[in-house]
file model_6.txt (compact mmCIF, C-alpha atoms)
# COMPACT_ATOMS: atom_id res chain seq x y z
CA MET A 1 -34.34 -5.69 -8.06
CA TYR A 2 -33.08 -2.31 -6.82
CA LEU A 3 -33.47 -0.83 -3.38
CA TYR A 4 -32.77 2.90 -3.00
CA LEU A 5 -31.74 4.17 0.42
CA TYR A 6 -32.14 7.91 0.90
CA ASP A 7 -30.02 9.33 3.70
CA SER A 8 -31.85 11.24 6.43
CA PHE A 9 -30.26 14.59 5.49
CA LEU A 10 -32.16 14.43 2.18
CA ASN A 11 -35.42 15.05 4.09
CA GLN A 12 -34.50 18.74 4.05
CA LYS A 13 -36.63 20.73 1.67
CA LYS A 14 -33.68 22.04 -0.35
CA HIS A 15 -32.99 18.54 -1.70
CA ALA A 16 -36.55 17.91 -2.94
CA THR A 17 -35.84 19.10 -6.50
CA VAL A 18 -32.71 16.96 -6.87
CA LEU A 19 -34.53 13.89 -5.59
CA ALA A 20 -37.40 14.45 -8.02
CA ARG A 21 -34.93 14.70 -10.91
CA ILE A 22 -33.14 11.51 -9.79
CA GLU A 23 -36.45 9.62 -9.59
CA THR A 24 -37.51 10.80 -13.06
CA ARG A 25 -34.16 9.81 -14.56
CA LEU A 26 -34.23 6.36 -12.89
CA THR A 27 -37.75 5.74 -14.21
CA ASP A 28 -36.67 6.81 -17.72
CA LEU A 29 -33.78 4.36 -17.55
CA GLY A 30 -36.11 1.60 -16.35
CA ILE A 31 -34.23 0.95 -13.12
CA GLY A 32 -36.71 2.31 -10.62
CA GLY A 33 -37.19 0.36 -7.40
CA LYS A 34 -38.21 0.45 -3.80
CA ILE A 35 -37.29 3.64 -1.92
CA PHE A 36 -36.50 3.85 1.77
CA ARG A 37 -35.83 7.08 3.62
CA LEU A 38 -33.44 6.54 6.48
CA SER A 39 -33.91 8.29 9.78
CA PRO A 40 -32.09 8.13 13.09
CA LEU A 41 -35.10 6.30 14.53
CA ARG A 42 -35.05 3.54 11.91
CA ASP A 43 -32.75 0.56 12.28
CA THR A 44 -30.95 0.38 8.92
CA ASP A 45 -29.48 -3.05 9.64
CA GLU A 46 -32.85 -4.66 10.31
CA LEU A 47 -34.42 -2.96 7.30
CA LEU A 48 -31.68 -4.14 4.97
CA LYS A 49 -31.68 -7.67 6.33
CA GLU A 50 -35.41 -7.95 5.66
CA GLU A 51 -35.13 -6.60 2.12
CA ILE A 52 -32.24 -8.94 1.33
CA ARG A 53 -34.39 -11.84 2.57
CA ASN A 54 -37.12 -10.61 0.18
CA GLY A 55 -34.75 -10.87 -2.77
CA VAL A 56 -33.02 -7.50 -3.10
CA LYS A 57 -29.68 -7.97 -4.89
CA THR A 58 -28.63 -4.34 -5.48
CA VAL A 59 -28.73 -1.51 -2.96
CA ILE A 60 -28.18 2.04 -4.19
CA VAL A 61 -27.27 4.62 -1.58
CA VAL A 62 -28.45 8.15 -2.27
CA GLY A 63 -26.40 10.52 -0.15
CA ASN A 64 -22.72 11.02 0.67
CA ASP A 65 -19.64 9.13 1.92
CA LYS A 66 -21.17 8.74 5.36
CA SER A 67 -24.33 7.16 3.93
CA LEU A 68 -22.28 4.69 1.86
CA THR A 69 -19.94 3.61 4.64
CA GLN A 70 -22.96 2.95 6.90
CA ILE A 71 -24.04 -0.01 4.77
CA ILE A 72 -20.59 -1.38 3.84
CA ASN A 73 -20.67 -3.89 6.70
CA LEU A 74 -24.03 -5.32 5.70
CA ALA A 75 -23.15 -5.38 2.01
CA ALA A 76 -19.98 -7.34 2.80
CA LYS A 77 -21.82 -9.83 4.99
CA PHE A 78 -24.73 -10.50 2.61
CA ASN A 79 -22.87 -10.45 -0.72
CA ILE A 80 -25.06 -7.79 -2.35
CA THR A 81 -24.04 -5.25 -5.00
CA ILE A 82 -23.99 -1.63 -3.94
CA GLY A 83 -23.94 1.67 -5.81
CA ILE A 84 -24.03 5.35 -4.95
CA ILE A 85 -25.85 8.39 -6.24
CA PRO A 86 -23.93 11.29 -4.70
CA VAL A 87 -25.89 14.27 -3.40
CA GLY A 88 -24.36 17.31 -1.71
CA PRO A 89 -20.75 17.75 -0.55
CA ASP A 90 -18.52 15.07 1.09
CA ASN A 91 -18.57 12.65 -1.81
CA LYS A 92 -14.89 11.72 -2.09
CA ILE A 93 -15.55 7.99 -2.32
CA ALA A 94 -18.01 8.50 -5.18
CA GLN A 95 -15.35 10.54 -7.01
CA LEU A 96 -12.80 7.75 -6.61
CA LEU A 97 -15.34 5.25 -7.91
CA GLY A 98 -15.76 7.40 -11.01
CA VAL A 99 -19.25 8.51 -10.09
CA GLY A 100 -19.23 12.24 -10.71
CA SER A 101 -22.43 14.26 -10.71
CA THR A 102 -25.78 13.24 -9.32
CA LEU A 103 -27.56 12.71 -12.65
CA ALA A 104 -24.56 11.05 -14.33
CA ALA A 105 -24.67 8.57 -11.44
CA CYS A 106 -28.11 7.36 -12.62
CA ASP A 107 -26.63 6.47 -16.03
CA ILE A 108 -23.69 4.74 -14.32
CA ILE A 109 -26.11 2.67 -12.24
CA ALA A 110 -27.97 1.69 -15.44
CA ALA A 111 -24.67 0.76 -17.19
CA ARG A 112 -23.87 -1.60 -14.27
CA ILE A 113 -20.10 -1.85 -14.49
CA ILE A 114 -19.52 -3.96 -11.41
CA GLU A 115 -16.07 -4.32 -9.87
CA LYS A 116 -15.08 -6.47 -6.95
CA VAL A 117 -13.00 -4.40 -4.55
CA ASP A 118 -10.98 -5.23 -1.46
CA LEU A 119 -12.25 -4.26 1.96
CA GLY A 120 -10.28 -3.69 5.11
CA LYS A 121 -11.41 -5.40 8.30
CA ALA A 122 -10.65 -3.76 11.65
CA ASN A 123 -11.51 -6.25 14.41
CA GLU A 124 -15.06 -7.11 13.19
CA THR A 125 -15.78 -3.88 11.27
CA TYR A 126 -15.33 -3.61 7.52
CA PHE A 127 -14.14 -0.38 5.91
CA ILE A 128 -13.77 0.70 2.30
CA SER A 129 -11.84 3.96 2.47
CA ASN A 130 -9.50 4.39 5.44
CA ILE A 131 -8.79 4.19 9.14
CA THR A 132 -7.40 7.16 11.01
CA VAL A 133 -5.71 7.25 14.37
CA ALA A 134 -6.69 10.33 16.34
CA ASN A 135 -4.96 11.74 19.44
CA ASN A 136 -1.57 10.34 18.54
CA GLN A 137 0.37 11.75 21.46
CA GLY A 138 2.96 9.01 21.21
CA GLY A 139 2.84 5.42 22.39
CA VAL A 140 1.20 4.12 19.22
CA THR A 141 2.96 1.13 17.66
CA ILE A 142 2.01 -0.83 14.57
CA GLU A 143 2.96 -4.51 14.50
CA CYS A 144 3.21 -5.74 10.92
CA GLU A 145 2.62 -9.37 10.01
CA ASP A 146 4.27 -10.51 13.29
CA ARG A 147 7.67 -9.66 11.82
CA TYR A 148 8.44 -6.03 12.53
CA LYS A 149 7.19 -3.06 14.50
CA ILE A 150 6.68 0.50 13.26
CA ILE A 151 7.03 3.29 15.80
CA PRO A 152 5.91 6.67 14.42
CA HIS A 153 7.13 9.79 16.19
CA ARG A 154 4.66 11.98 18.09
CA GLN A 155 2.57 14.41 16.07
CA ASN A 156 2.32 12.16 13.05
CA GLN A 157 -0.96 11.52 11.35
CA ILE A 158 -1.45 7.77 10.94
CA SER A 159 -3.88 6.42 8.35
CA ILE A 160 -4.55 2.97 6.96
CA CYS A 161 -5.77 3.36 3.39
CA ASN A 162 -7.61 1.19 0.91
CA LEU A 163 -8.73 3.98 -1.42
CA LYS A 164 -6.48 6.90 -2.33
CA PRO A 165 -6.68 9.74 0.18
CA ILE A 166 -7.54 12.84 -1.85
CA PHE A 167 -5.64 15.20 0.49
CA ALA A 168 -2.27 13.51 0.03
CA SER A 169 0.27 14.45 -2.61
CA LEU A 170 2.49 11.42 -2.71
CA PRO A 171 6.08 10.84 -3.70
CA GLY A 172 7.39 7.89 -5.72
CA LYS A 173 5.26 5.69 -7.89
CA THR A 174 1.54 5.98 -8.48
CA SER A 175 0.48 2.41 -7.87
CA TYR A 176 -0.47 2.94 -4.23
CA PHE A 177 -3.99 2.74 -2.85
CA ASN A 178 -5.48 0.43 -5.45
CA PRO A 179 -8.53 -1.32 -3.92
CA GLN A 180 -7.95 -4.32 -6.17
CA ASP A 181 -4.28 -5.04 -5.38
CA GLY A 182 -4.89 -7.26 -2.36
CA SER A 183 -3.07 -5.01 0.10
CA LEU A 184 -3.67 -1.99 2.31
CA GLU A 185 -1.18 0.81 2.92
CA ILE A 186 -0.03 2.48 6.12
CA LEU A 187 0.36 6.21 5.46
CA ILE A 188 2.25 8.20 8.10
CA GLN A 189 2.41 11.95 7.57
CA PRO A 190 4.20 14.46 9.80
CA LEU A 191 1.72 17.11 10.90
CA VAL A 192 2.61 20.61 9.80
CA SER A 193 1.05 23.90 10.65
CA GLY A 194 1.31 27.52 9.60
CA LEU A 195 3.48 28.51 6.66
CA PHE A 196 4.91 25.05 6.13
CA SER A 197 1.50 23.66 5.21
CA ILE A 198 1.69 25.78 2.03
CA PHE A 199 4.66 23.73 0.85
CA LYS A 200 2.72 20.49 0.93
CA LYS A 201 4.73 18.92 -1.86
CA ALA A 202 8.03 19.28 -0.05
CA VAL A 203 6.49 17.91 3.12
CA SER A 204 5.08 14.89 1.30
CA LEU A 205 8.64 13.64 0.79
CA ASN A 206 8.68 12.95 4.51
CA ASN A 207 5.68 10.62 4.33
CA SER A 208 5.97 6.92 4.98
CA ILE A 209 4.01 4.41 2.92
CA ILE A 210 4.14 0.76 3.85
CA PRO A 211 1.95 -1.85 2.09
CA PHE A 212 0.72 -4.77 4.23
CA LYS A 213 -1.82 -7.56 4.51
CA LYS A 214 -2.18 -7.83 8.29
CA ILE A 215 -1.26 -5.48 11.17
CA ALA A 216 -2.16 -4.71 14.76
CA ILE A 217 -2.35 -1.17 16.11
CA LYS A 218 -1.47 -0.88 19.77
CA GLY A 219 -1.46 2.18 21.95
CA LYS A 220 -2.76 3.95 25.03
CA SER A 221 -6.44 3.78 25.93
CA SER A 222 -6.77 7.50 25.09
CA THR A 223 -5.99 6.69 21.45
CA THR A 224 -9.07 6.71 19.25
CA ILE A 225 -9.33 4.90 15.93
CA TYR A 226 -11.99 5.80 13.35
CA THR A 227 -13.03 3.44 10.53
CA ASP A 228 -14.20 5.41 7.48
CA GLY A 229 -14.40 8.49 9.72
CA GLN A 230 -17.27 7.00 11.71
CA ARG A 231 -17.07 3.97 13.92
CA VAL A 232 -14.82 4.41 16.90
CA LEU A 233 -12.51 1.65 18.04
CA LYS A 234 -10.01 1.48 20.88
CA PRO A 235 -6.61 -0.21 20.66
CA PRO A 236 -5.57 -2.96 20.21
CA VAL A 237 -7.09 -3.14 16.73
CA ASN A 238 -6.27 -5.98 14.33
CA ILE A 239 -6.51 -4.92 10.70
CA GLU A 240 -6.40 -7.17 7.65
CA ILE A 241 -7.29 -7.02 3.98
CA ILE A 242 -10.19 -9.07 2.67
CA PRO A 243 -9.59 -9.25 -1.10
CA LYS A 244 -12.49 -8.81 -3.56
CA LYS A 245 -15.04 -8.72 -0.78
CA LEU A 246 -17.43 -6.06 -2.08
CA LYS A 247 -19.29 -5.80 -5.39
CA ILE A 248 -19.71 -2.15 -6.27
CA ILE A 249 -21.02 -0.24 -9.29
CA VAL A 250 -18.33 2.04 -10.72
CA GLY A 251 -17.97 4.60 -13.50
CA LYS A 252 -15.55 4.55 -16.42
CA ASN A 253 -13.49 7.35 -14.82
CA ARG A 254 -12.73 5.44 -11.64
CA HIS A 255 -9.34 6.07 -10.03
CA PHE A 256 -8.12 2.45 -9.99
CA MET B 1 21.71 2.45 -11.92
CA PHE B 2 18.62 0.42 -11.07
CA LYS B 3 17.05 -1.75 -13.71
CA LYS B 4 13.59 -0.49 -14.61
CA GLU B 5 11.02 -3.14 -15.35
CA PRO B 6 7.79 -2.62 -17.23
CA HIS B 7 5.48 -3.48 -14.31
CA ASP B 8 5.08 -0.85 -11.63
CA GLU B 9 5.91 -2.62 -8.35
CA ILE B 10 4.72 -1.00 -5.16
CA GLU B 11 7.39 0.91 -3.26
CA THR B 12 7.73 0.93 0.48
CA ILE B 13 8.84 4.28 1.88
CA ILE B 14 10.05 4.58 5.45
CA GLY B 15 10.11 8.31 6.13
CA PRO B 16 12.39 10.22 8.52
CA SER B 17 9.71 10.40 11.22
CA VAL B 18 9.39 6.65 11.53
CA GLN B 19 11.38 3.95 13.32
CA VAL B 20 11.15 0.28 12.32
CA GLU B 21 12.24 -2.60 14.57
CA GLY B 22 12.42 -6.25 13.54
CA ASN B 23 12.79 -8.29 10.38
CA PHE B 24 11.61 -5.98 7.64
CA VAL B 25 10.80 -7.91 4.46
CA ALA B 26 9.37 -6.30 1.30
CA SER B 27 8.61 -7.65 -2.16
CA GLY B 28 8.94 -4.34 -4.04
CA ASP B 29 11.38 -1.43 -4.06
CA VAL B 30 12.24 0.06 -0.66
CA ILE B 31 13.26 3.62 0.19
CA ILE B 32 14.51 4.25 3.73
CA GLU B 33 14.88 7.77 5.11
CA GLY B 34 14.30 6.89 8.78
CA THR B 35 15.74 4.44 11.31
CA VAL B 36 15.62 0.66 11.01
CA SER B 37 16.98 -1.96 13.41
CA GLY B 38 16.93 -5.74 12.94
CA SER B 39 17.19 -6.81 9.31
CA VAL B 40 16.12 -5.47 5.91
CA LYS B 41 15.39 -7.77 2.98
CA THR B 42 13.96 -7.11 -0.48
CA ASP B 43 14.13 -8.92 -3.82
CA ARG B 44 14.31 -5.59 -5.62
CA ASN B 45 15.96 -2.18 -5.28
CA LEU B 46 16.87 -0.60 -1.96
CA THR B 47 17.63 3.10 -1.51
CA ILE B 48 18.99 4.40 1.79
CA GLY B 49 18.77 8.19 2.12
CA LYS B 50 21.57 10.32 3.54
CA ASP B 51 19.88 10.92 6.90
CA ALA B 52 18.85 7.29 7.33
CA LYS B 53 20.35 5.14 10.06
CA ILE B 54 20.27 1.37 9.62
CA PHE B 55 21.29 -0.91 12.49
CA ALA B 56 20.60 -4.05 10.53
CA ASP B 57 21.90 -6.62 8.08
CA ILE B 58 20.79 -5.77 4.55
CA SER B 59 19.93 -8.02 1.63
CA ALA B 60 18.67 -6.71 -1.74
CA ALA B 61 18.99 -7.12 -5.51
CA ASN B 62 20.47 -3.62 -6.02
CA ALA B 63 21.23 -0.89 -3.51
CA LEU B 64 22.08 2.78 -3.41
CA ILE B 65 23.40 3.82 -0.01
CA ALA B 66 23.82 7.44 1.05
CA GLY B 67 23.26 7.04 4.81
CA GLU B 68 24.75 5.06 7.68
CA VAL B 69 24.59 1.26 7.86
CA GLN B 70 25.78 -0.73 10.86
CA GLY B 71 25.53 -4.33 9.70
CA ASP B 72 26.47 -6.66 6.86
CA VAL B 73 25.41 -5.71 3.33
CA LYS B 74 24.66 -8.49 0.84
CA ILE B 75 23.68 -7.34 -2.65
CA GLN B 76 22.98 -9.73 -5.53
CA ASP B 77 23.79 -7.37 -8.38
CA SER B 78 25.04 -3.83 -7.96
CA LEU B 79 25.83 -1.61 -4.98
CA GLN B 80 26.47 2.12 -5.13
CA LEU B 81 27.91 4.05 -2.21
CA THR B 82 27.58 7.82 -2.46
CA GLU B 83 29.99 10.30 -0.85
CA THR B 84 27.87 10.48 2.33
CA ALA B 85 27.63 6.69 2.80
CA LYS B 86 29.02 5.12 5.97
CA ILE B 87 29.21 1.35 6.24
CA PHE B 88 30.26 -0.47 9.40
CA GLY B 89 30.12 -4.10 8.37
CA ASP B 90 31.07 -6.59 5.65
CA VAL B 91 29.98 -6.01 2.07
CA LYS B 92 29.34 -8.69 -0.57
CA THR B 93 28.17 -7.76 -4.06
CA ARG B 94 28.74 -8.48 -7.76
CA ILE B 95 29.37 -4.89 -8.90
CA ILE B 96 30.42 -2.03 -6.59
CA THR B 97 30.71 1.71 -7.21
CA ILE B 98 32.22 3.83 -4.44
CA SER B 99 32.18 7.62 -4.64
CA SER B 100 35.08 9.52 -3.10
CA GLY B 101 34.33 10.38 0.49
CA ALA B 102 32.32 7.24 1.21
CA SER B 103 33.41 5.33 4.28
CA LEU B 104 33.62 1.54 4.31
CA ASN B 105 34.75 -0.24 7.48
CA GLY B 106 34.66 -3.97 6.92
CA LYS B 107 35.55 -6.77 4.54
CA CYS B 108 34.53 -6.07 0.95
CA THR B 109 33.95 -8.85 -1.59
CA ALA B 110 33.00 -7.70 -5.08
CA GLY B 111 32.94 -9.43 -8.47
CA GLU B 112 32.99 -13.12 -9.50
CA ALA B 113 34.22 -15.71 -6.98
CA ASN B 114 36.08 -17.94 -9.55
CA LYS B 115 39.84 -17.69 -9.09
CA SER B 116 42.65 -19.25 -11.18
CA LYS B 117 44.80 -22.06 -9.81
CA PHE B 118 48.56 -21.49 -9.52
CA GLU B 119 50.59 -23.94 -11.68
CA LYS B 120 54.40 -24.15 -12.21
CA ILE B 121 55.59 -23.87 -15.85
CA ASP B 122 57.16 -27.42 -15.89
CA GLU B 123 53.91 -28.93 -14.67
CA ARG B 124 51.94 -27.04 -17.29
CA VAL B 125 54.22 -28.36 -20.12
CA LYS B 126 53.86 -31.90 -18.80
CA LEU B 127 50.07 -31.57 -18.68
CA GLU B 128 49.92 -30.23 -22.25
CA LYS B 129 52.11 -33.09 -23.52
CA ALA B 130 49.91 -35.66 -21.83
CA LYS B 131 46.81 -34.05 -23.33
CA ASN B 132 48.29 -34.08 -26.86
CA LYS B 133 49.31 -37.72 -26.48
CA SER B 134 45.86 -38.84 -25.45
CA ARG B 135 44.32 -36.86 -28.34
CA GLU B 136 46.67 -38.56 -30.86
CA THR B 137 45.84 -42.07 -29.60
CA GLU B 138 42.12 -41.30 -29.84
CA GLU B 139 42.52 -40.15 -33.44
CA THR B 140 44.50 -43.23 -34.52
CA GLU B 141 41.88 -45.50 -32.93
CA LEU B 142 39.16 -43.69 -34.85
CA ASN B 143 41.09 -44.03 -38.18
CA LYS B 144 41.40 -47.81 -37.66

call {"tool": "encode", "arguments": {"input": "model_6.txt", "output": "structure tokens"}}
result
Amino acid sequence: MYLYLYDSFLNQKKHATVLARIETRLTDLGIGGKIFRLSPLRDTDELLKEEIRNGVKTVIVVGNDKSLTQIINLAAKFNITIGIIPVGPDNKIAQLLGVGSTLAACDIIAARIIEKVDLGKANETYFISNITVANNQGGVTIECEDRYKIIPHRQNQISICNLKPIFASLPGKTSYFNPQDGSLEILIQPLVSGLFSIFKKAVSLNNSIIPFKKIAIKGKSSTTIYTDGQRVLKPPVNIEIIPKKLKIIVGKNRHF
Amino acid sequence: MFKKEPHDEIETIIGPSVQVEGNFVASGDVIIEGTVSGSVKTDRNLTIGKDAKIFADISAANALIAGEVQGDVKIQDSLQLTETAKIFGDVKTRIITISSGASLNGKCTAGEANKSKFEKIDERVKLEKAKNKSRETEETELNK
């Protein structure tokens, strides 16, 4: 049984045509189901919990990266399969999962190629894509597996990645950021501005990439840590990999 | 120099803007361009860039060193020191290649550890005679 969650931004009139086309396609494919429109006033957690109790096994998110990452925590806790139908911009995760256009996504959902992917866990919050450390004005240290400590210089962008960050052009081998390899990667990039940002490739040689299974980020209280660009945590944050935690519907052109 | 294997092991890259303190252990290839203190250990290839500074003992299967290392270097197979390499510590490896200009300050042990025993010529003749005698007696016993 499928449950479709429409993100609140889809209530705008301009998305009505796309939604109608999605619904027609899903009906044609015989995978129609219950539809819920999310709104800031509705408690998504409660709604999902109730539907899971009623026997929902697959939840399809219709929206963007933000909509998908909102339900990652519940999906991980209740062992349900999730999928995405991307609508609008900001759909990097869908791209990495091999889900391209909106209508192609309906066919991918019907094909049901399900992969078990790793999730990161930051304190008690699960994340699928990455963690970013904002306001790194120095003082941030990363303790890895109780064996060694990484001290990035000031003005470095620190990310913890499970999926491949689309912005990064990376040196060395290509086997990084595989969500099925049982490890996460620390990516430390020196921040550049002005003319130097044009020569991104040369700058990427200065990146640091360190695979790990368990770390702790420590720093000043002014340091802010975002999981999947949304939830805000304050240091210290313990991060670990939970292998094969999430069942997700993917396309043939997935990037892993 | 490094042996390429069919599987694509994950590399660890420590960039120039990063400092690592403690016992750094990796299972794949390691590239260091920054600063490391403590110890560095990998079962695979280690590359130390020319601006890297290592204040640590090193252990790896193969290594290419172009930067500065203050500590002992223990390599299972082959070690290459480029012209910019500076080593302040003892080195132990099976095969070593040193480019001109490299600096090595410490004890260097390279190659197999088996050494021949010194024997005087008279003693060697005596030993050979004794061996021949014992061989002859064995043969006669077998013929009987």

call {"tool": "interface_residues", "arguments": {"input": "model_6.txt", "of": "chain A", "to": "chain B", "cutoff": "6 Å", "atoms": "all atoms listed in the file", "output": "list in words"}}
result
Arg147, Tyr148, Lys149, Ile150, Ile151, Pro152, His153, Asn206, Asn207, Ser208, Ile209 and Ile210 of chain A

call {"tool": "residues_around", "arguments": {"input": "model_6.txt", "residues": "range 45-59 of chain A", "least_positions_apart": "5", "cutoff": "10 Å", "atoms": "all atoms listed in the file", "output": "list in words"}}
result
Met1, Tyr2, Leu3, Tyr4, Leu5, Gly33, Lys34, Phe36, Leu38, Gln70, Ile71, Asn73, Leu74, Ala75, Phe78, Asn79, Ile80, Thr81, Ile82, Gly83, Ile84, Lys247, Ile248 and Ile249 of chain A

call {"tool": "residues_near_point", "arguments": {"input": "model_6.txt", "point": "(-0.1, 4.9, 20.2)", "cutoff": "6 Å", "atoms": "only C-alpha atoms", "output": "list in words"}}
result
Asn136, Gly138, Gly139, Val140, Thr141, Lys218, Gly219 and Lys220 of chain A

call {"tool": "residues_around", "arguments": {"input": "model_6.txt", "residues": "Cys108 in chain B", "least_positions_apart": "3", "cutoff": "12 Å", "atoms": "all atoms listed in the file", "output": "PyMOL selection string"}}
result
chain B and resi 72-75+79+87-98+103-105+111

call {"tool": "atom_distance", "arguments": {"input": "model_6.txt", "atom1": "CA of Leu163 in chain A", "atom2": "CA of Val117 in chain A"}}
result
9.9 Å

call {"tool": "residues_near_point", "arguments": {"input": "model_6.txt", "point": "(-21.1, 12.5, 3.6)", "cutoff": "6 Å", "atoms": "only C-alpha atoms", "output": "list in words"}}
result
Asn64, Asp65, Lys66, Asp90 and Asn91 of chain A

call {"tool": "atom_distance", "arguments": {"input": "model_6.txt", "atom1": "CA of Cys144 in chain A", "atom2": "CA of Pro236 in chain A"}}
result
13.1 Å

call {"tool": "residues_around", "arguments": {"input": "model_6.txt", "residues": "His15 in chain A", "least_positions_apart": "6", "cutoff": "10 Å", "atoms": "all atoms listed in the file", "output": "number ranges by chain"}}
result
A: 9, 87-88

call {"tool": "closest_residue", "arguments": {"input": "model_6.txt", "among": "A:Ala94, A:Leu19, A:Cys161, A:Ile35", "to": "Glu185 in chain A", "atoms": "all atoms listed in the file"}}
result
A:Cys161

call {"tool": "closest_residue", "arguments": {"input": "model_6.txt", "among": "A:Gln180, A:Ser129, A:Thr102, A:Gln95", "to": "Val250 in chain A", "atoms": "all atoms listed in the file"}}
result
A:Gln95

call {"tool": "atom_distance", "arguments": {"input": "model_6.txt", "atom1": "CA of Asn253 in chain A", "atom2": "CA of Ile108 in chain A"}}
result
10.5 Å

call {"tool": "decode", "arguments": {"input": "model_6.txt", "residues": "range 24-36 of chain B", "atoms": "N, CA and C atoms", "output": "mmCIF file, in the first residue's frame"}}
result
data_model
loop_
_atom_site.group_PDB
_atom_site.id
_atom_site.type_symbol
_atom_site.label_atom_id
_atom_site.label_comp_id
_atom_site.auth_asym_id
_atom_site.auth_seq_id
_atom_site.Cartn_x
_atom_site.Cartn_y
_atom_site.Cartn_z
ATOM 1 N N PHE B 24 47.107 7.670 13.648
ATOM 2 C CA PHE B 24 46.309 7.647 12.424
ATOM 3 C C PHE B 24 46.469 6.283 11.747
ATOM 4 N N VAL B 25 45.363 5.552 11.652
ATOM 5 C CA VAL B 25 45.381 4.224 11.034
ATOM 6 C C VAL B 25 44.390 4.213 9.884
ATOM 7 N N ALA B 26 44.814 3.744 8.705
ATOM 8 C CA ALA B 26 43.904 3.670 7.551
ATOM 9 C C ALA B 26 44.055 2.302 6.887
ATOM 10 N N SER B 27 42.963 1.852 6.253
ATOM 11 C CA SER B 27 43.032 0.540 5.600
ATOM 12 C C SER B 27 43.326 0.667 4.097
ATOM 13 N N GLY B 28 43.112 1.852 3.536
ATOM 14 C CA GLY B 28 43.384 2.052 2.105
ATOM 15 C C GLY B 28 44.636 2.889 1.873
ATOM 16 N N ASP B 29 44.762 3.410 0.660
ATOM 17 C CA ASP B 29 45.894 4.284 0.335
ATOM 18 C C ASP B 29 45.757 5.608 1.098
ATOM 19 N N VAL B 30 46.892 6.211 1.412
ATOM 20 C CA VAL B 30 46.871 7.485 2.152
ATOM 21 C C VAL B 30 47.754 8.509 1.432
ATOM 22 N N ILE B 31 47.212 9.703 1.253
ATOM 23 C CA ILE B 31 47.992 10.812 0.695
ATOM 24 C C ILE B 31 48.040 11.908 1.756
ATOM 25 N N ILE B 32 49.231 12.334 2.126
ATOM 26 C CA ILE B 32 49.340 13.391 3.144
ATOM 27 C C ILE B 32 50.002 14.624 2.525
ATOM 28 N N GLU B 33 49.286 15.741 2.610
ATOM 29 C CA GLU B 33 49.832 17.024 2.134
ATOM 30 C C GLU B 33 49.919 18.016 3.291
ATOM 31 N N GLY B 34 49.365 17.639 4.443
ATOM 32 C CA GLY B 34 49.324 18.541 5.599
ATOM 33 C C GLY B 34 50.305 18.130 6.677
ATOM 34 N N THR B 35 49.900 18.342 7.945
ATOM 35 C CA THR B 35 50.767 18.046 9.083
ATOM 36 C C THR B 35 50.182 16.915 9.917
ATOM 37 N N VAL B 36 51.023 15.953 10.269
ATOM 38 C CA VAL B 36 50.560 14.843 11.108
ATOM 39 C C VAL B 36 51.556 14.643 12.241
#
